[in-house]
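Visitor: Got a structure here, written out as structure tokens. Questions coming.
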Amino acid sequence: MKCLYCDCTESKVIDSRSADDNKTIRRRRECTACGRRFTTYETIEVTPMLVVKNDGTREAFNEEKVRRGIAKSCEKRPVSAADIDEMVSDISKQVYNSMMSEITSKAIGEMVMERLKKVDEVSYVRYASVYRSFQDISSFMSELKKMMRAPREGKKDGKEE
């Protein structure tokens with residue numbers, strides 16, 4: 001790190017503390033040549049993740065859009081804010097851990113539905129009805145029938161374990 005005052009490249013760290021909700025480290029440094037102090041900030045470099053929408057346009061991945069979609073489908077349902085935060089966090093991690101620079105909106109929608117199905121089936125159906133754009137009642141019913149045929153996690157013979 002180059003000193004602001006004398007351009008010396010040698011400095012020592014006097015104090016480090018986290019800032020910005022533990023996403024940044026603030027370091028107080030002292031130049032070994034002139035003795036003056038200055039502050040630097042260290043952050044993780046995030047590679048921008050682009051979402052390829054159905055019409056081919058691209059936009060930056062936005063956790064808040066995912067959160068709003070999940071929250072809307074969970075309205076008036078027994079799904080806590082902590083559950084929603086956990087789903088958003090899991091999806092965000094999965095998106096960034098994919099090591100790709102682009103992901104389709106369809107893939108993100110599938111991730112959301114996978115998690116909603118485990119948390120609350122009514123919220124899942126609400127989300128799926130918008131996401132899959134059911135054109136009529138028969139396509140909606142076929143999705144419900146698929147859900148009813150699928151084995152339910154943690155349950156045997158319709159009873160909780």
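Residues are named by chain letter and number: chains run A, B, ... in the order of the structure tokens, numbers start at 1 in each chain, and ligands are numbered from 1 in the order shown.
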If you take only C-alpha atoms and a cut-off of 9 Å, which residues of segment 7-67 of chain A touch segment 76-93 of chain A, and what are their nearest atom pairs and distances in Å to one decimal, in chain and number order, as a Markdown table?
Guide:
```
| residue | atom | partner | partner_atom | distance |
| --- | --- | --- | --- | --- |
| A:Phe61 | CA | A:Ser92 | CA | 8.8 |
| A:Asn62 | CA | A:Ser92 | CA | 8.9 |
| A:Glu63 | CA | A:Ser92 | CA | 6.7 |
| A:Glu64 | CA | A:Val88 | CA | 8.5 |
| A:Val66 | CA | A:Val88 | CA | 6.6 |
| A:Arg67 | CA | A:Val88 | CA | 6.0 |
```
Visitor: Kindly export the residues of the current selection with N, CA and C atoms, as an mmCIF file, in the first residue's frame.
Guide:
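Saved as selection-v4.cif:
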```cif
data_model
loop_
_atom_site.group_PDB
_atom_site.id
_atom_site.type_symbol
_atom_site.label_atom_id
_atom_site.label_comp_id
_atom_site.auth_asym_id
_atom_site.auth_seq_id
_atom_site.Cartn_x
_atom_site.Cartn_y
_atom_site.Cartn_z
ATOM 1 N N PHE A 61 -27.836 -9.669 -11.285
ATOM 2 C CA PHE A 61 -28.558 -10.465 -10.301
ATOM 3 C C PHE A 61 -28.893 -9.577 -9.110
ATOM 4 N N ASN A 62 -30.128 -9.673 -8.646
ATOM 5 C CA ASN A 62 -30.596 -8.817 -7.571
ATOM 6 C C ASN A 62 -31.307 -9.670 -6.516
ATOM 7 N N GLU A 63 -30.656 -9.821 -5.368
ATOM 8 C CA GLU A 63 -31.235 -10.593 -4.265
ATOM 9 C C GLU A 63 -32.605 -10.053 -3.859
ATOM 10 N N GLU A 64 -32.763 -8.741 -3.921
ATOM 11 C CA GLU A 64 -34.020 -8.132 -3.478
ATOM 12 C C GLU A 64 -35.187 -8.537 -4.369
ATOM 13 N N VAL A 66 -35.464 -11.443 -5.827
ATOM 14 C CA VAL A 66 -35.759 -12.806 -5.386
ATOM 15 C C VAL A 66 -36.550 -12.745 -4.083
ATOM 16 N N ARG A 67 -36.104 -11.907 -3.148
ATOM 17 C CA ARG A 67 -36.782 -11.765 -1.854
ATOM 18 C C ARG A 67 -38.226 -11.302 -2.045
#
```
Visitor: Name the residues in contact with Thr39 of chain A at a cut-off of 8 Å, using only C-alpha atoms, excluding same-chain residues fewer than 4 positions from it; report them as an MDAnalysis selection string.
Guide: chainID A and resid 26:29
Visitor: Just to be explicit: take each residue in the selection above, keep C-alpha atoms, and write the result as a short mmCIF file (atom, residue, chain, number, x, y, z; two decimals), in the first residue's frame.
Guide:
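Written file, selection-v7.cif:
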```cif
data_model
loop_
_atom_site.label_atom_id
_atom_site.label_comp_id
_atom_site.auth_asym_id
_atom_site.auth_seq_id
_atom_site.Cartn_x
_atom_site.Cartn_y
_atom_site.Cartn_z
CA ARG A 26 -11.08 -0.94 7.70
CA ARG A 27 -7.34 -0.77 8.30
CA ARG A 28 -5.51 2.09 9.99
CA ARG A 29 -1.92 2.21 8.69
#
```
Visitor: Could you give me, as an MDAnalysis selection string, the residues within 12 Å of Lys12 of chain A, counting only C-alpha atoms and dropping anything in the same chain fewer than 5 positions from it?
Guide: chainID A and resid 1:3 27:40
Visitor: Residues of segment 2-120 of chain A within 12 Å of segment 146-149 of chain A: nearest atom pair and distance (Å, one decimal) for each, counting only C-alpha atoms, sorted by chain and number, as a Markdown table?
Guide:
```
| residue | atom | partner | partner_atom | distance |
| --- | --- | --- | --- | --- |
| A:Met113 | CA | A:Met147 | CA | 11.9 |
| A:Glu114 | CA | A:Met147 | CA | 11.8 |
| A:Lys117 | CA | A:Met147 | CA | 9.0 |
| A:Lys118 | CA | A:Met147 | CA | 11.4 |
```
Visitor: Just want the 12 Å neighbourhood of Gly56 of chain A, counted on only C-alpha atoms, with same-chain residues fewer than 3 positions away dropped. Output as number ranges by chain.
Guide: A: 50-53, 59, 102-106
Visitor: DSSP on the backbone: what in chain A comes out strand (DSSP E), as a PyMOL selection string?
Guide: chain A and resi 11-19+24-31+37-43+50-52+58-60+102-104+155-156+159-160
Visitor: Could you turn the residues from that selection into a file that holds N, CA and C atoms, as a compact mmCIF listing (two decimals), in the first residue's frame?
Guide:
```txt
# COMPACT_ATOMS: atom_id res chain seq x y z
N SER A 11 4.31 0.19 4.92
CA SER A 11 3.49 0.70 6.02
C SER A 11 3.17 -0.45 6.95
N LYS A 12 2.79 -0.12 8.16
CA LYS A 12 2.39 -1.16 9.10
C LYS A 12 0.94 -0.91 9.52
N VAL A 13 0.23 -2.02 9.74
CA VAL A 13 -1.17 -1.93 10.15
C VAL A 13 -1.20 -1.71 11.66
N ILE A 14 -1.89 -0.63 12.07
CA ILE A 14 -2.01 -0.29 13.48
C ILE A 14 -3.31 -0.86 14.06
N ASP A 15 -4.37 -0.81 13.27
CA ASP A 15 -5.68 -1.25 13.75
C ASP A 15 -6.48 -1.80 12.58
N SER A 16 -7.20 -2.89 12.80
CA SER A 16 -8.13 -3.46 11.82
C SER A 16 -9.46 -3.69 12.48
N ARG A 17 -10.52 -3.34 11.78
CA ARG A 17 -11.85 -3.64 12.28
C ARG A 17 -12.80 -3.79 11.10
N SER A 18 -13.84 -4.56 11.33
CA SER A 18 -14.77 -4.76 10.22
C SER A 18 -15.71 -3.56 10.12
N ALA A 19 -16.17 -3.35 8.93
CA ALA A 19 -17.10 -2.25 8.65
C ALA A 19 -18.13 -2.75 7.64
N THR A 24 -16.55 -5.42 4.75
CA THR A 24 -15.37 -4.60 4.51
C THR A 24 -14.49 -4.61 5.74
N ILE A 25 -13.19 -4.54 5.52
CA ILE A 25 -12.25 -4.40 6.64
C ILE A 25 -11.60 -3.03 6.54
N ARG A 26 -11.70 -2.27 7.62
CA ARG A 26 -11.08 -0.94 7.70
C ARG A 26 -9.73 -1.10 8.38
N ARG A 27 -8.68 -0.64 7.72
CA ARG A 27 -7.34 -0.77 8.30
C ARG A 27 -6.73 0.62 8.49
N ARG A 28 -6.23 0.85 9.67
CA ARG A 28 -5.51 2.09 9.99
C ARG A 28 -4.04 1.75 9.84
N ARG A 29 -3.32 2.50 9.00
CA ARG A 29 -1.92 2.21 8.69
C ARG A 29 -1.02 3.38 9.07
N GLU A 30 0.25 3.05 9.30
CA GLU A 30 1.25 4.07 9.57
C GLU A 30 2.42 3.84 8.61
N CYS A 31 2.80 4.90 7.92
CA CYS A 31 3.92 4.84 6.97
C CYS A 31 5.23 4.67 7.75
N ARG A 37 -0.24 8.71 9.30
CA ARG A 37 -1.25 7.64 9.30
C ARG A 37 -2.31 7.88 8.24
N PHE A 38 -2.83 6.77 7.72
CA PHE A 38 -3.90 6.83 6.74
C PHE A 38 -4.77 5.58 6.87
N THR A 39 -5.95 5.63 6.28
CA THR A 39 -6.91 4.53 6.39
C THR A 39 -7.12 3.90 5.02
N THR A 40 -7.18 2.56 5.01
CA THR A 40 -7.51 1.83 3.78
C THR A 40 -8.71 0.93 4.07
N TYR A 41 -9.41 0.54 3.02
CA TYR A 41 -10.54 -0.36 3.13
C TYR A 41 -10.32 -1.55 2.20
N GLU A 42 -10.61 -2.72 2.71
CA GLU A 42 -10.44 -3.95 1.95
C GLU A 42 -11.81 -4.60 1.79
N THR A 43 -12.19 -4.89 0.56
CA THR A 43 -13.48 -5.55 0.30
C THR A 43 -13.27 -6.74 -0.63
N LEU A 50 -24.81 -11.93 -14.18
CA LEU A 50 -25.88 -11.44 -15.03
C LEU A 50 -26.98 -12.48 -15.15
N VAL A 51 -28.22 -12.01 -15.13
CA VAL A 51 -29.37 -12.87 -15.30
C VAL A 51 -29.87 -12.68 -16.73
N VAL A 52 -29.98 -13.79 -17.46
CA VAL A 52 -30.50 -13.76 -18.82
C VAL A 52 -31.99 -14.02 -18.73
N ARG A 58 -30.34 -8.88 -20.53
CA ARG A 58 -29.54 -9.24 -19.36
C ARG A 58 -29.61 -8.12 -18.34
N GLU A 59 -29.61 -8.52 -17.07
CA GLU A 59 -29.56 -7.54 -15.98
C GLU A 59 -28.78 -8.16 -14.83
N ALA A 60 -28.30 -7.32 -13.94
CA ALA A 60 -27.51 -7.80 -12.80
C ALA A 60 -28.40 -8.60 -11.86
N GLU A 102 -23.13 -15.86 -16.09
CA GLU A 102 -24.53 -15.64 -16.42
C GLU A 102 -25.36 -16.83 -15.95
N ILE A 103 -26.60 -16.53 -15.60
CA ILE A 103 -27.56 -17.57 -15.22
C ILE A 103 -28.91 -17.15 -15.77
N THR A 104 -29.73 -18.12 -16.14
CA THR A 104 -31.04 -17.77 -16.70
C THR A 104 -32.03 -17.49 -15.58
N LYS A 155 -42.66 -37.54 5.69
CA LYS A 155 -43.98 -38.08 6.02
C LYS A 155 -44.10 -39.51 5.49
N LYS A 156 -44.82 -40.34 6.24
CA LYS A 156 -45.12 -41.70 5.81
C LYS A 156 -46.61 -41.92 6.01
N LYS A 159 -48.80 -39.39 7.66
CA LYS A 159 -48.59 -38.99 9.05
C LYS A 159 -47.20 -38.44 9.23
N GLU A 160 -47.07 -37.45 10.12
CA GLU A 160 -45.76 -36.88 10.45
C GLU A 160 -44.93 -37.92 11.17
```
Visitor: Restricting the calculation to only C-alpha atoms, which member of A:Lys145, A:Ser138, A:Thr9, A:Val119 is positioned closest to Ser73 of chain A?
Guide: A:Val119
Visitor: According to DSSP computed on the backbone, where in segment 39-80 of chain A is there helix (DSSP H, G or I)? Give the residues as a PDB file with N, CA and C atoms, in the first residue's frame.
Guide:
```pdb
ATOM      1  N   GLU A  63     -30.656  -9.821  -5.368  1.00  0.00           N
ATOM      2  CA  GLU A  63     -31.235 -10.593  -4.265  1.00  0.00           C
ATOM      3  C   GLU A  63     -32.605 -10.053  -3.859  1.00  0.00           C
ATOM      4  N   GLU A  64     -32.763  -8.741  -3.921  1.00  0.00           N
ATOM      5  CA  GLU A  64     -34.020  -8.132  -3.478  1.00  0.00           C
ATOM      6  C   GLU A  64     -35.187  -8.537  -4.369  1.00  0.00           C
ATOM      7  N   LYS A  65     -34.937  -8.738  -5.666  1.00  0.00           N
ATOM      8  CA  LYS A  65     -36.010  -9.206  -6.556  1.00  0.00           C
ATOM      9  C   LYS A  65     -36.437 -10.609  -6.161  1.00  0.00           C
ATOM     10  N   VAL A  66     -35.464 -11.443  -5.827  1.00  0.00           N
ATOM     11  CA  VAL A  66     -35.759 -12.806  -5.386  1.00  0.00           C
ATOM     12  C   VAL A  66     -36.550 -12.745  -4.083  1.00  0.00           C
ATOM     13  N   ARG A  67     -36.104 -11.907  -3.148  1.00  0.00           N
ATOM     14  CA  ARG A  67     -36.782 -11.765  -1.854  1.00  0.00           C
ATOM     15  C   ARG A  67     -38.226 -11.302  -2.045  1.00  0.00           C
ATOM     16  N   ARG A  68     -38.442 -10.306  -2.902  1.00  0.00           N
ATOM     17  CA  ARG A  68     -39.800  -9.788  -3.125  1.00  0.00           C
ATOM     18  C   ARG A  68     -40.713 -10.871  -3.700  1.00  0.00           C
ATOM     19  N   GLY A  69     -40.191 -11.656  -4.652  1.00  0.00           N
ATOM     20  CA  GLY A  69     -40.991 -12.726  -5.254  1.00  0.00           C
ATOM     21  C   GLY A  69     -41.383 -13.776  -4.237  1.00  0.00           C
ATOM     22  N   ILE A  70     -40.426 -14.168  -3.404  1.00  0.00           N
ATOM     23  CA  ILE A  70     -40.705 -15.168  -2.370  1.00  0.00           C
ATOM     24  C   ILE A  70     -41.680 -14.595  -1.344  1.00  0.00           C
ATOM     25  N   ALA A  71     -41.426 -13.371  -0.901  1.00  0.00           N
ATOM     26  CA  ALA A  71     -42.286 -12.747   0.116  1.00  0.00           C
ATOM     27  C   ALA A  71     -43.722 -12.609  -0.391  1.00  0.00           C
ATOM     28  N   LYS A  72     -43.876 -12.260  -1.644  1.00  0.00           N
ATOM     29  CA  LYS A  72     -45.221 -12.100  -2.221  1.00  0.00           C
ATOM     30  C   LYS A  72     -45.976 -13.424  -2.211  1.00  0.00           C
ATOM     31  N   SER A  73     -45.277 -14.510  -2.549  1.00  0.00           N
ATOM     32  CA  SER A  73     -45.947 -15.812  -2.575  1.00  0.00           C
ATOM     33  C   SER A  73     -46.231 -16.331  -1.166  1.00  0.00           C
TER      34      SER A  73
END
```
